[in-house]
>>> print(open('input35.cif').read())   # mmCIF, C-alpha atoms
data_entry
loop_
_atom_site.label_atom_id
_atom_site.label_comp_id
_atom_site.auth_asym_id
_atom_site.auth_seq_id
_atom_site.Cartn_x
_atom_site.Cartn_y
_atom_site.Cartn_z
CA MET A 14 22.39 4.05 -25.08
CA SER A 15 20.89 6.99 -23.23
CA ILE A 16 21.90 8.27 -19.81
CA TYR A 17 18.79 9.39 -17.96
CA LEU A 18 19.35 12.65 -16.07
CA ASP A 19 15.81 14.07 -16.20
CA HIS A 20 14.35 12.74 -12.95
CA ALA A 21 12.82 16.15 -12.15
CA ALA A 22 10.57 15.62 -15.17
CA THR A 23 9.63 12.10 -14.13
CA THR A 24 11.36 9.24 -12.35
CA PRO A 25 11.50 5.60 -13.42
CA ILE A 26 8.98 3.68 -11.35
CA ASP A 27 10.71 1.80 -8.55
CA ALA A 28 10.56 -1.96 -9.17
CA ARG A 29 9.02 -2.48 -5.72
CA VAL A 30 6.22 -0.07 -6.63
CA VAL A 31 5.59 -1.90 -9.91
CA ALA A 32 5.36 -5.22 -8.09
CA ARG A 33 2.95 -3.87 -5.49
CA MET A 34 0.71 -2.27 -8.11
CA ALA A 35 0.69 -5.40 -10.25
CA ASP A 36 -0.32 -7.53 -7.27
CA VAL A 37 -3.23 -5.22 -6.45
CA MET A 38 -4.39 -5.02 -10.08
CA ALA A 39 -4.37 -8.83 -10.30
CA SER A 40 -6.06 -9.61 -7.01
CA VAL A 41 -8.25 -6.72 -5.83
CA HIS A 42 -11.34 -5.74 -7.79
CA GLY A 43 -13.54 -3.78 -5.41
CA ASN A 44 -14.51 -0.13 -5.65
CA PRO A 45 -13.25 1.62 -2.50
CA SER A 46 -16.64 3.36 -2.23
CA SER A 47 -18.55 0.06 -2.08
CA THR A 48 -19.68 -1.41 1.25
CA HIS A 49 -19.31 -5.10 0.35
CA ASN A 50 -16.21 -7.10 1.30
CA PRO A 51 -14.19 -6.47 -1.93
CA GLY A 52 -14.95 -2.77 -1.52
CA ARG A 53 -13.81 -2.82 2.10
CA ILE A 54 -10.57 -4.53 1.08
CA ALA A 55 -9.97 -1.86 -1.54
CA ARG A 56 -10.78 0.88 0.97
CA GLY A 57 -8.29 -0.61 3.40
CA LEU A 58 -5.56 -0.42 0.78
CA VAL A 59 -6.42 3.22 0.06
CA GLU A 60 -6.21 4.11 3.73
CA THR A 61 -2.89 2.29 4.12
CA ALA A 62 -1.51 4.34 1.24
CA ARG A 63 -2.87 7.50 2.85
CA ASP A 64 -1.11 6.58 6.10
CA ASP A 65 2.17 5.92 4.28
CA LEU A 66 2.07 9.28 2.53
CA ALA A 67 1.15 10.99 5.80
CA ALA A 68 4.15 9.38 7.49
CA LEU A 69 6.48 10.71 4.78
CA ILE A 70 5.24 14.30 5.18
CA ALA A 71 4.54 14.21 8.94
CA GLY A 72 0.92 15.18 8.40
CA GLN A 73 -2.34 13.62 9.46
CA SER A 74 -3.68 11.04 7.02
CA GLY A 75 -7.20 12.48 7.24
CA GLN A 76 -5.88 15.71 5.71
CA ILE A 77 -4.74 14.02 2.48
CA VAL A 78 -6.93 14.33 -0.62
CA PHE A 79 -5.90 12.10 -3.52
CA THR A 80 -5.79 13.78 -6.94
CA SER A 81 -4.52 12.95 -10.43
CA GLY A 82 -1.23 14.68 -9.63
CA ALA A 83 0.30 17.92 -8.42
CA THR A 84 -1.20 19.92 -11.29
CA GLU A 85 -4.72 19.03 -10.22
CA ALA A 86 -3.77 19.61 -6.58
CA ASP A 87 -2.50 23.09 -7.51
CA ASN A 88 -5.73 23.83 -9.32
CA LEU A 89 -7.86 22.56 -6.45
CA ALA A 90 -5.90 24.71 -4.02
CA LEU A 91 -6.12 27.93 -6.04
CA PHE A 92 -9.57 27.65 -7.56
CA GLY A 93 -10.95 25.98 -4.43
CA LEU A 94 -9.84 28.92 -2.32
CA MET A 95 -10.33 31.86 -4.64
CA ARG A 96 -13.63 31.06 -6.35
CA GLY A 97 -15.31 30.81 -2.98
CA ALA A 98 -13.70 33.93 -1.57
CA PRO A 99 -15.91 36.88 -0.60
CA ALA A 100 -15.55 39.99 -2.73
CA GLU A 101 -13.28 41.68 -0.19
CA GLN A 102 -10.80 38.76 -0.24
CA ARG A 103 -10.27 38.15 -3.95
CA HIS A 104 -6.53 38.75 -3.97
CA LEU A 105 -3.86 36.11 -4.60
CA VAL A 106 -0.08 36.49 -4.21
CA THR A 107 2.30 34.21 -6.08
CA SER A 108 5.71 34.40 -7.75
CA ARG A 109 6.83 34.74 -11.35
CA ILE A 110 8.87 31.52 -11.20
CA GLU A 111 6.08 29.13 -10.28
CA HIS A 112 5.21 26.00 -12.23
CA ARG A 113 2.80 26.53 -15.12
CA ALA A 114 0.11 24.75 -13.10
CA ILE A 115 0.13 27.76 -10.77
CA LEU A 116 0.79 30.54 -13.29
CA ASP A 117 -1.84 29.37 -15.79
CA ALA A 118 -4.37 28.91 -13.00
CA ALA A 119 -3.58 32.41 -11.75
CA ARG A 120 -4.13 33.85 -15.25
CA GLN A 121 -7.51 32.14 -15.39
CA LEU A 122 -8.43 33.51 -11.98
CA GLU A 123 -7.52 36.99 -13.21
CA ALA A 124 -9.95 36.49 -16.08
CA GLU A 125 -12.57 35.64 -13.45
CA GLY A 126 -11.98 38.90 -11.57
CA VAL A 127 -9.38 37.83 -9.00
CA ARG A 128 -6.52 40.29 -8.46
CA VAL A 129 -3.14 38.56 -8.61
CA THR A 130 0.19 39.99 -7.49
CA TYR A 131 3.29 38.36 -9.01
CA VAL A 132 6.44 38.68 -6.89
CA ASP A 133 9.82 38.65 -8.67
CA ALA A 134 12.64 36.32 -7.66
CA ASP A 135 16.08 37.71 -6.94
CA ARG A 136 19.20 36.94 -9.01
CA GLU A 137 19.80 33.79 -6.95
CA GLY A 138 16.37 32.42 -7.80
CA ARG A 139 14.86 33.00 -4.37
CA VAL A 140 11.51 34.66 -3.82
CA PRO A 141 12.25 37.28 -1.14
CA VAL A 142 10.21 36.76 1.99
CA SER A 143 10.08 40.53 2.45
CA ALA A 144 8.56 40.97 -1.03
CA VAL A 145 5.88 38.38 -0.28
CA GLU A 146 5.09 40.12 3.00
CA ALA A 147 4.90 43.51 1.27
CA ALA A 148 2.47 42.11 -1.31
CA ILE A 149 0.00 40.92 1.32
CA GLY A 150 -2.82 43.34 1.96
CA PRO A 151 -6.19 43.40 3.74
CA GLN A 152 -7.85 41.74 0.72
CA THR A 153 -5.36 38.89 0.36
CA ARG A 154 -6.94 35.46 0.58
CA ALA A 155 -3.94 33.27 -0.23
CA VAL A 156 -0.24 33.12 -1.07
CA SER A 157 1.22 30.35 -3.24
CA VAL A 158 4.99 29.81 -3.54
CA MET A 159 6.60 26.51 -4.54
CA TRP A 160 8.90 24.73 -2.09
CA VAL A 161 11.62 23.73 -4.60
CA ASN A 162 11.84 25.32 -8.02
CA ASN A 163 11.48 22.64 -10.67
CA GLU A 164 14.09 24.20 -12.99
CA THR A 165 16.84 25.54 -10.73
CA GLY A 166 16.28 23.37 -7.66
CA VAL A 167 16.40 26.48 -5.46
CA ILE A 168 14.70 25.96 -2.10
CA GLN A 169 12.32 28.74 -1.10
CA ASP A 170 11.90 29.86 2.50
CA VAL A 171 8.35 28.58 2.68
CA MET A 172 8.40 28.26 6.46
CA ALA A 173 9.03 31.98 6.90
CA MET A 174 6.35 32.82 4.34
CA ALA A 175 3.87 30.49 6.03
CA ALA A 176 4.54 32.11 9.39
CA ILE A 177 3.87 35.57 7.97
CA CYS A 178 0.66 34.37 6.33
CA ARG A 179 -0.54 32.77 9.52
CA ALA A 180 0.08 35.99 11.45
CA ARG A 181 -1.86 37.96 8.82
CA GLY A 182 -4.78 35.51 8.60
CA VAL A 183 -3.83 34.46 5.04
CA ILE A 184 -3.77 30.90 3.67
CA PHE A 185 -0.38 29.65 2.45
CA HIS A 186 -0.11 27.04 -0.31
CA SER A 187 3.05 25.42 -1.65
CA ASP A 188 3.64 23.16 -4.62
CA ALA A 189 5.90 20.58 -2.97
CA ALA A 190 6.22 18.20 -5.93
CA GLN A 191 10.01 18.60 -6.18
CA ALA A 192 10.50 18.58 -2.41
CA LEU A 193 8.66 15.33 -1.74
CA GLY A 194 11.13 12.48 -1.41
CA HIS A 195 14.08 14.86 -1.83
CA LEU A 196 13.93 16.93 1.37
CA PRO A 197 12.72 16.15 4.89
CA ILE A 198 9.14 17.42 5.10
CA ARG A 199 7.20 17.89 8.32
CA LEU A 200 4.00 19.65 7.38
CA CYS A 201 2.75 19.57 10.96
CA ASP A 202 5.64 21.88 11.92
CA THR A 203 5.73 24.29 8.97
CA GLY A 204 2.58 26.40 9.25
CA ILE A 205 1.82 25.54 5.60
CA ASP A 206 -1.93 25.24 5.00
CA LEU A 207 -2.02 23.45 1.64
CA ALA A 208 0.67 21.38 -0.11
CA SER A 209 0.56 19.79 -3.57
CA LEU A 210 2.26 16.40 -3.95
CA SER A 211 3.08 14.04 -6.81
CA ALA A 212 3.97 10.34 -7.04
CA HIS A 213 5.97 10.28 -10.26
CA LYS A 214 8.68 12.61 -8.99
CA MET A 215 9.79 10.03 -6.38
CA GLY A 216 9.59 6.61 -8.01
CA GLY A 217 5.81 6.27 -8.10
CA PRO A 218 3.38 6.14 -11.02
CA ALA A 219 2.29 9.13 -13.08
CA GLY A 220 -1.35 10.14 -12.83
CA VAL A 221 -1.70 10.27 -9.05
CA GLY A 222 -0.84 12.81 -6.37
CA ALA A 223 -2.44 14.55 -3.45
CA LEU A 224 -3.35 17.83 -1.84
CA TRP A 225 -2.60 18.07 1.85
CA VAL A 226 -5.28 20.25 3.47
CA GLY A 227 -4.47 21.81 6.82
CA ALA A 228 -7.06 22.70 9.44
CA ARG A 229 -7.11 26.44 8.65
CA ALA A 230 -7.70 25.87 4.94
CA ALA A 231 -10.28 23.10 5.21
CA PRO A 232 -13.34 25.29 5.92
CA LEU A 233 -12.42 27.65 3.05
CA LEU A 234 -11.65 25.08 0.34
CA LYS A 235 -14.45 24.44 -2.17
CA PRO A 236 -14.52 21.58 -4.70
CA ILE A 237 -13.86 22.29 -8.36
CA LEU A 238 -15.24 18.91 -9.52
CA PHE A 239 -18.59 17.41 -8.62
CA GLY A 240 -19.76 13.82 -8.48
CA GLY A 241 -19.94 11.08 -5.89
CA GLY A 242 -18.54 12.99 -2.93
CA GLN A 243 -15.35 10.97 -2.53
CA GLU A 244 -12.31 12.42 -0.71
CA HIS A 245 -14.35 14.50 1.74
CA GLY A 246 -16.27 15.93 -1.22
CA TRP A 247 -13.21 17.81 -2.46
CA ARG A 248 -12.25 15.39 -5.23
CA PRO A 249 -15.10 13.16 -6.43
CA GLY A 250 -14.72 10.16 -8.71
CA THR A 251 -13.85 6.50 -8.35
CA LEU A 252 -10.43 6.24 -6.72
CA PRO A 253 -7.70 4.71 -8.97
CA LEU A 254 -6.78 1.97 -6.52
CA HIS A 255 -3.60 0.66 -8.14
CA GLN A 256 -2.20 4.17 -8.62
CA ILE A 257 -2.94 5.17 -5.04
CA VAL A 258 -1.33 1.96 -3.82
CA GLY A 259 1.69 2.89 -5.97
CA LEU A 260 1.86 6.33 -4.36
CA GLY A 261 1.66 4.75 -0.93
CA GLU A 262 4.42 2.25 -1.68
CA ALA A 263 6.64 4.98 -3.16
CA SER A 264 6.03 7.02 0.00
CA ARG A 265 6.91 4.09 2.25
CA ILE A 266 10.16 3.50 0.37
CA ALA A 267 11.05 7.20 0.35
CA ALA A 268 10.49 7.50 4.10
CA GLU A 269 12.57 4.38 4.75
CA GLN A 270 15.61 5.53 2.78
CA LEU A 271 15.28 9.32 2.68
CA ALA A 272 18.64 10.08 4.28
CA GLN A 273 20.37 7.59 2.00
CA ASP A 274 18.65 9.01 -1.09
CA ILE A 275 19.49 12.61 -0.22
CA ALA A 276 23.15 11.75 0.29
CA HIS A 277 23.22 9.92 -3.05
CA TYR A 278 21.54 12.76 -4.96
CA GLN A 279 23.91 15.30 -3.42
CA ALA A 280 26.97 13.22 -4.25
CA MET A 281 25.88 12.74 -7.87
CA THR A 282 25.07 16.38 -8.61
CA GLU A 283 28.20 17.67 -6.88
CA LEU A 284 30.33 15.20 -8.82
CA LEU A 285 28.78 16.41 -12.06
CA ALA A 286 29.27 20.05 -11.07
CA ALA A 287 32.91 19.37 -10.23
CA ARG A 288 33.54 17.64 -13.56
CA LEU A 289 31.90 20.38 -15.62
CA SER A 290 33.45 23.24 -13.63
CA THR A 291 36.74 22.47 -15.41
CA LEU A 292 35.17 24.08 -18.48
CA PRO A 293 35.47 27.87 -18.64
CA SER A 294 32.35 30.07 -18.65
CA VAL A 295 30.10 27.61 -16.84
CA GLN A 296 27.71 29.23 -14.38
CA ARG A 297 25.32 27.69 -11.87
CA ASN A 298 21.73 28.83 -12.13
CA GLY A 299 20.98 29.00 -8.44
CA PRO A 300 23.53 28.85 -5.60
CA ALA A 301 24.73 25.43 -4.45
CA GLU A 302 23.89 26.02 -0.79
CA LEU A 303 20.22 26.78 -1.52
CA ARG A 304 19.63 23.89 -3.91
CA ALA A 305 17.65 20.67 -3.54
CA PRO A 306 20.07 17.75 -3.83
CA HIS A 307 18.72 16.19 -7.04
CA ILE A 308 18.75 19.21 -9.39
CA LEU A 309 21.73 20.97 -10.97
CA ASN A 310 21.14 23.73 -13.53
CA LEU A 311 24.16 25.03 -15.44
CA ALA A 312 24.56 27.73 -18.11
CA PHE A 313 27.27 27.17 -20.74
CA GLY A 314 28.64 30.42 -22.14
CA GLY A 315 29.96 30.76 -25.67
CA VAL A 316 27.69 28.19 -27.30
CA ASP A 317 24.38 28.32 -29.11
CA GLY A 318 21.72 26.72 -26.92
CA GLU A 319 19.86 24.93 -29.70
CA ALA A 320 23.10 23.53 -31.09
CA LEU A 321 24.19 22.41 -27.62
CA HIS A 322 21.03 20.45 -26.95
CA ALA A 323 21.17 18.92 -30.44
CA SER A 324 24.72 17.77 -29.70
CA LEU A 325 23.68 15.69 -26.68
CA PRO A 326 21.53 12.87 -28.14
CA GLY A 327 22.95 10.37 -25.65
CA LEU A 328 21.68 12.34 -22.67
CA ALA A 329 18.13 12.59 -21.41
CA ILE A 330 18.28 16.09 -19.96
CA SER A 331 16.12 19.20 -20.04
CA GLY A 332 16.58 22.85 -20.92
CA GLY A 333 13.95 23.83 -18.36
CA SER A 334 10.61 22.52 -17.18
CA ALA A 335 9.45 19.43 -19.06
CA CYS A 336 5.94 20.86 -18.94
CA GLY A 337 7.09 23.87 -20.97
CA ALA A 338 9.36 22.07 -23.44
CA GLU A 339 6.83 22.11 -26.28
CA ARG A 340 6.77 25.90 -26.26
CA GLY A 341 10.31 26.01 -27.69
CA GLU A 342 11.13 29.27 -25.91
CA PRO A 343 13.82 30.21 -23.39
CA SER A 344 13.00 29.35 -19.80
CA TYR A 345 10.87 32.06 -18.19
CA VAL A 346 12.34 31.02 -14.84
CA LEU A 347 15.92 31.68 -15.95
CA ARG A 348 14.96 34.93 -17.65
CA SER A 349 13.34 36.07 -14.43
CA LEU A 350 16.71 35.48 -12.71
CA GLY A 351 18.32 37.97 -15.07
CA ARG A 352 19.67 35.53 -17.64
CA ASP A 353 19.38 36.85 -21.20
CA ASP A 354 17.88 34.63 -23.91
CA PRO A 355 21.22 33.16 -25.11
CA ALA A 356 22.22 32.22 -21.54
CA ALA A 357 18.80 30.75 -20.81
CA GLU A 358 18.83 28.76 -24.04
CA ALA A 359 22.35 27.44 -23.33
CA SER A 360 21.36 26.17 -19.88
CA ILE A 361 20.85 22.53 -18.98
CA ARG A 362 18.89 21.09 -16.07
CA PHE A 363 20.46 17.86 -14.88
CA SER A 364 18.40 15.90 -12.36
CA VAL A 365 19.47 12.63 -10.80
CA GLY A 366 17.71 9.71 -9.14
CA ARG A 367 18.26 6.51 -7.21
CA GLN A 368 19.41 4.69 -10.35
CA THR A 369 22.05 7.29 -11.25
CA THR A 370 25.60 5.93 -10.92
CA GLU A 371 29.03 7.53 -10.81
CA ASN A 372 29.68 5.97 -14.21
CA ASP A 373 26.57 7.74 -15.56
CA ILE A 374 27.91 11.04 -14.25
CA GLU A 375 31.40 10.52 -15.66
CA LEU A 376 30.03 9.60 -19.09
CA ALA A 377 27.55 12.49 -19.07
CA ALA A 378 30.27 14.97 -18.10
CA LYS A 379 32.48 13.74 -20.92
CA ILE A 380 29.65 13.99 -23.47
CA VAL A 381 28.81 17.55 -22.41
CA GLU A 382 32.46 18.59 -22.26
CA ASN A 383 33.16 17.28 -25.77
CA ALA A 384 30.04 18.93 -27.18
CA VAL A 385 30.81 22.31 -25.59
CA LYS A 386 34.44 22.27 -26.73
CA LYS A 387 33.46 21.35 -30.28
CA LEU A 388 30.78 24.05 -30.50
CA ARG A 389 33.10 26.69 -29.06
CA SER A 390 35.78 25.80 -31.59
CA LEU A 391 33.28 26.08 -34.43
CA TRP A 392 32.04 29.40 -33.04
CA SER A 393 35.56 30.81 -32.79
CA ASP A 394 36.30 29.74 -36.37
#
>>> encode(input="input35.cif", output="structure tokens")
Amino acid sequence: MSIYLDHAATTPIDARVVARMADVMASVHGNPSSTHNPGRIARGLVETARDDLAALIAGQSGQIVFTSGATEADNLALFGLMRGAPAEQRHLVTSRIEHRAILDAARQLEAEGVRVTYVDADREGRVPVSAVEAAIGPQTRAVSVMWVNNETGVIQDVMAMAAICRARGVIFHSDAAQALGHLPIRLCDTGIDLASLSAHKMGGPAGVGALWVGARAAPLLKPILFGGGQEHGWRPGTLPLHQIVGLGEASRIAAEQLAQDIAHYQAMTELLAARLSTLPSVQRNGPAELRAPHILNLAFGGVDGEALHASLPGLAISGGSACGAERGEPSYVLRSLGRDDPAAEASIRFSVGRQTTENDIELAAKIVENAVKKLRSLWSD
């Protein structure tokens, strides 16, 4: 038996989403770009999904561009803005604790002649608004800072950053993959210009997401793929109907029970934190009051990180970002917060979901507690 506490990596697909996708796959066969009746039916389903996602984020449905996920949305935002920038505006500001989809894209843009400024996070895992403001100059085209850090769960003050960018005539982008379905989002009120979204972080299918494109960014955004001109010409290719329908259904469910979900996530992570706080030398990575409700990242002092993770076969957990797990190195996010390599390696990201129960939390806490105590006793011997 395995207790699944890695929802920040990917969530189990909600059964209602599976049923809706299966029905569409079995009964609808038109290409949404076609003008015949099956195509119009398919197009109607796409637009319903677009409306459902728009309702969840309080944004206009016509500003949603479907992509293969948040990674592609991040790439479209950064490359779409920066490759088309005039020579005097080839400067990007981002942070050192972004998702690899942003950092690797930024490195590639540097190789293409774009100047990139990387802002450090503070010891609490927050990107200082003042540091972002100081990094903006007359050549800055865009700023990109994620809404919720995917490793620590720390919420960034993206509204304040967006306001500064708007006042300075700079485009603000945020990777909102970990915020969607976990925090109330009203893009129409934030001043954010571009937001990357993902289905599989909130009970939808993997392989589909979206980029929300605000009015200020729309004239500046250039496509990075070319083909049939779908999605306003920004993301060509035949639309994956069943996946988009799955994203729409996941959005509808999330909007319907957002308050209930948030309360459940908060209760589960706080229960786990309370249970594990009885162990000595346990430190939160990121303060509780600035954390998204579904993520809890803890560092366990006095144990070897590799041994700790090897001692938890019954838990599906993560030492950092799932996207960086294959690198086998300490989390760059935790190191940027001032954690040394041993502390970063001995950290665990727990992330809960709708299916997480109190019994799961109690069992998980007991497994971790036993493993830590055993390893500490071996270390002291």
>>> closest_residue(input="input35.cif", among="A:Gly351, A:Pro25, A:Gly82, A:Gly93", to="Leu210 of chain A", atoms="all atoms listed in the file")
A:Gly82
>>> residues_around(input="input35.cif", residues="Asp274 of chain A", least_positions_apart="6", cutoff="12 Å", atoms="only C-alpha atoms", output="list in words")
Leu193, Gly194, His195, Leu196, Pro197, Met215, Gly216, Ile266, Ala267, Ala268, Ala280, Met281, Ala305, Pro306, His307, Val365, Gly366, Arg367, Gln368 and Thr369 of chain A
>>> write_last_selection(input="input35.cif", atoms="C-alpha atoms", output="mmCIF file, in the frame of the given file")
data_model
loop_
_atom_site.group_PDB
_atom_site.id
_atom_site.type_symbol
_atom_site.label_atom_id
_atom_site.label_comp_id
_atom_site.auth_asym_id
_atom_site.auth_seq_id
_atom_site.Cartn_x
_atom_site.Cartn_y
_atom_site.Cartn_z
ATOM 1 C CA LEU A 193 8.660 15.330 -1.740
ATOM 2 C CA GLY A 194 11.130 12.480 -1.410
ATOM 3 C CA HIS A 195 14.080 14.860 -1.830
ATOM 4 C CA LEU A 196 13.930 16.930 1.370
ATOM 5 C CA PRO A 197 12.720 16.150 4.890
ATOM 6 C CA MET A 215 9.790 10.030 -6.380
ATOM 7 C CA GLY A 216 9.590 6.610 -8.010
ATOM 8 C CA ILE A 266 10.160 3.500 0.370
ATOM 9 C CA ALA A 267 11.050 7.200 0.350
ATOM 10 C CA ALA A 268 10.490 7.500 4.100
ATOM 11 C CA ALA A 280 26.970 13.220 -4.250
ATOM 12 C CA MET A 281 25.880 12.740 -7.870
ATOM 13 C CA ALA A 305 17.650 20.670 -3.540
ATOM 14 C CA PRO A 306 20.070 17.750 -3.830
ATOM 15 C CA HIS A 307 18.720 16.190 -7.040
ATOM 16 C CA VAL A 365 19.470 12.630 -10.800
ATOM 17 C CA GLY A 366 17.710 9.710 -9.140
ATOM 18 C CA ARG A 367 18.260 6.510 -7.210
ATOM 19 C CA GLN A 368 19.410 4.690 -10.350
ATOM 20 C CA THR A 369 22.050 7.290 -11.250
#
>>> resolve_selection(input="input35.cif", expression="the PyMOL selection byres ((chain A and resi 354-361) around 6)", output="PyMOL selection string")
chain A and resi 310-313+318+331-332+343+347+352-353+362
>>> closest_residue(input="input35.cif", among="A:Ser74, A:Ala134, A:Ile149, A:Val258", to="Cys201 of chain A", atoms="all atoms listed in the file")
A:Ser74
>>> residues_around(input="input35.cif", residues="Ala39 of chain A", least_positions_apart="4", cutoff="10 Å", atoms="only C-alpha atoms", output="PyMOL selection string")
chain A and resi 34-35+255
>>> residues_around(input="input35.cif", residues="Val30 of chain A", least_positions_apart="2", cutoff="7 Å", atoms="only C-alpha atoms", output="list in words")
Ile26, Asp27, Ala28, Ala32, Arg33, Met34, Gly217, Gly259, Glu262 and Ala263 of chain A
>>> resolve_selection(input="input35.cif", expression="the PyMOL selection byres ((chain A and resi 165-175) around 9)", output="PDB file with C-alpha atoms, in the coordinates of the input")
ATOM      1  CA  GLU A 137      19.800  33.790  -6.950  1.00  0.00           C
ATOM      2  CA  GLY A 138      16.370  32.420  -7.800  1.00  0.00           C
ATOM      3  CA  ARG A 139      14.860  33.000  -4.370  1.00  0.00           C
ATOM      4  CA  VAL A 140      11.510  34.660  -3.820  1.00  0.00           C
ATOM      5  CA  PRO A 141      12.250  37.280  -1.140  1.00  0.00           C
ATOM      6  CA  VAL A 142      10.210  36.760   1.990  1.00  0.00           C
ATOM      7  CA  SER A 143      10.080  40.530   2.450  1.00  0.00           C
ATOM      8  CA  VAL A 145       5.880  38.380  -0.280  1.00  0.00           C
ATOM      9  CA  GLU A 146       5.090  40.120   3.000  1.00  0.00           C
ATOM     10  CA  VAL A 156      -0.240  33.120  -1.070  1.00  0.00           C
ATOM     11  CA  VAL A 158       4.990  29.810  -3.540  1.00  0.00           C
ATOM     12  CA  MET A 159       6.600  26.510  -4.540  1.00  0.00           C
ATOM     13  CA  TRP A 160       8.900  24.730  -2.090  1.00  0.00           C
ATOM     14  CA  VAL A 161      11.620  23.730  -4.600  1.00  0.00           C
ATOM     15  CA  ASN A 162      11.840  25.320  -8.020  1.00  0.00           C
ATOM     16  CA  ASN A 163      11.480  22.640 -10.670  1.00  0.00           C
ATOM     17  CA  GLU A 164      14.090  24.200 -12.990  1.00  0.00           C
ATOM     18  CA  ALA A 176       4.540  32.110   9.390  1.00  0.00           C
ATOM     19  CA  ILE A 177       3.870  35.570   7.970  1.00  0.00           C
ATOM     20  CA  CYS A 178       0.660  34.370   6.330  1.00  0.00           C
ATOM     21  CA  ARG A 179      -0.540  32.770   9.520  1.00  0.00           C
ATOM     22  CA  ALA A 180       0.080  35.990  11.450  1.00  0.00           C
ATOM     23  CA  VAL A 183      -3.830  34.460   5.040  1.00  0.00           C
ATOM     24  CA  ILE A 184      -3.770  30.900   3.670  1.00  0.00           C
ATOM     25  CA  PHE A 185      -0.380  29.650   2.450  1.00  0.00           C
ATOM     26  CA  HIS A 186      -0.110  27.040  -0.310  1.00  0.00           C
ATOM     27  CA  SER A 187       3.050  25.420  -1.650  1.00  0.00           C
ATOM     28  CA  GLN A 191      10.010  18.600  -6.180  1.00  0.00           C
ATOM     29  CA  ALA A 192      10.500  18.580  -2.410  1.00  0.00           C
ATOM     30  CA  ASP A 202       5.640  21.880  11.920  1.00  0.00           C
ATOM     31  CA  THR A 203       5.730  24.290   8.970  1.00  0.00           C
ATOM     32  CA  GLY A 204       2.580  26.400   9.250  1.00  0.00           C
ATOM     33  CA  ILE A 205       1.820  25.540   5.600  1.00  0.00           C
ATOM     34  CA  ASP A 206      -1.930  25.240   5.000  1.00  0.00           C
ATOM     35  CA  ARG A 297      25.320  27.690 -11.870  1.00  0.00           C
ATOM     36  CA  ASN A 298      21.730  28.830 -12.130  1.00  0.00           C
ATOM     37  CA  GLY A 299      20.980  29.000  -8.440  1.00  0.00           C
ATOM     38  CA  PRO A 300      23.530  28.850  -5.600  1.00  0.00           C
ATOM     39  CA  ALA A 301      24.730  25.430  -4.450  1.00  0.00           C
ATOM     40  CA  GLU A 302      23.890  26.020  -0.790  1.00  0.00           C
ATOM     41  CA  LEU A 303      20.220  26.780  -1.520  1.00  0.00           C
ATOM     42  CA  ARG A 304      19.630  23.890  -3.910  1.00  0.00           C
ATOM     43  CA  ALA A 305      17.650  20.670  -3.540  1.00  0.00           C
ATOM     44  CA  PRO A 306      20.070  17.750  -3.830  1.00  0.00           C
ATOM     45  CA  HIS A 307      18.720  16.190  -7.040  1.00  0.00           C
ATOM     46  CA  ILE A 308      18.750  19.210  -9.390  1.00  0.00           C
ATOM     47  CA  LEU A 309      21.730  20.970 -10.970  1.00  0.00           C
ATOM     48  CA  ASN A 310      21.140  23.730 -13.530  1.00  0.00           C
ATOM     49  CA  LEU A 311      24.160  25.030 -15.440  1.00  0.00           C
ATOM     50  CA  GLY A 333      13.950  23.830 -18.360  1.00  0.00           C
ATOM     51  CA  VAL A 346      12.340  31.020 -14.840  1.00  0.00           C
ATOM     52  CA  LEU A 347      15.920  31.680 -15.950  1.00  0.00           C
ATOM     53  CA  ARG A 362      18.890  21.090 -16.070  1.00  0.00           C
TER      54      ARG A 362
END
>>> resolve_selection(input="input35.cif", expression="the PyMOL selection byres ((chain A and resi 17) around 9)", output="number ranges by chain")
A: 15-16, 18-20, 327-330, 364-366, 368-369, 373
>>> axis_aligned_box(input="input35.cif", around="segment 95-110 of chain A", padding_each_side="4 Å", output="JSON")
{"center_x": -3.5, "center_y": 36.2, "center_z": -5.8, "size_x": 32.8, "size_y": 18.9, "size_z": 19.2}
>>> atom_distance(input="input35.cif", atom1="atom CA of Lys379 of chain A", atom2="atom CA of Leu285 of chain A")
10.0 Å
>>> atom_distance(input="input35.cif", atom1="atom CA of Gln73 of chain A", atom2="atom CA of Pro99 of chain A")
28.7 Å
>>> residues_around(input="input35.cif", residues="Ile198 of chain A", least_positions_apart="2", cutoff="7 Å", atoms="only C-alpha atoms", output="PyMOL selection string")
chain A and resi 70-71+196+200
>>> closest_residue(input="input35.cif", among="A:Arg128, A:Arg154, A:Arg348, A:His322", to="Arg181 of chain A", atoms="only C-alpha atoms")
A:Arg154
>>> decode(input="input35.cif", residues="segment 16-30 of chain A", atoms="C-alpha atoms", output="PDB file, in the first residue's frame")
ATOM      1  CA  ILE A  16      -0.088   6.745   0.605  1.00  0.00           C
ATOM      2  CA  TYR A  17      -0.135   9.358  -2.131  1.00  0.00           C
ATOM      3  CA  LEU A  18       1.103  12.742  -0.894  1.00  0.00           C
ATOM      4  CA  ASP A  19       2.573  14.100  -4.137  1.00  0.00           C
ATOM      5  CA  HIS A  20      -0.381  16.003  -5.575  1.00  0.00           C
ATOM      6  CA  ALA A  21       1.845  18.979  -6.436  1.00  0.00           C
ATOM      7  CA  ALA A  22       3.565  16.698  -8.949  1.00  0.00           C
ATOM      8  CA  THR A  23       0.286  15.465 -10.403  1.00  0.00           C
ATOM      9  CA  THR A  24      -3.183  14.778  -9.064  1.00  0.00           C
ATOM     10  CA  PRO A  25      -5.298  11.674  -9.624  1.00  0.00           C
ATOM     11  CA  ILE A  26      -7.875  12.482 -12.280  1.00  0.00           C
ATOM     12  CA  ASP A  27     -11.244  13.175 -10.707  1.00  0.00           C
ATOM     13  CA  ALA A  28     -13.719  10.395 -11.538  1.00  0.00           C
ATOM     14  CA  ARG A  29     -16.180  12.967 -12.893  1.00  0.00           C
ATOM     15  CA  VAL A  30     -13.512  14.221 -15.298  1.00  0.00           C
TER      16      VAL A  30
END
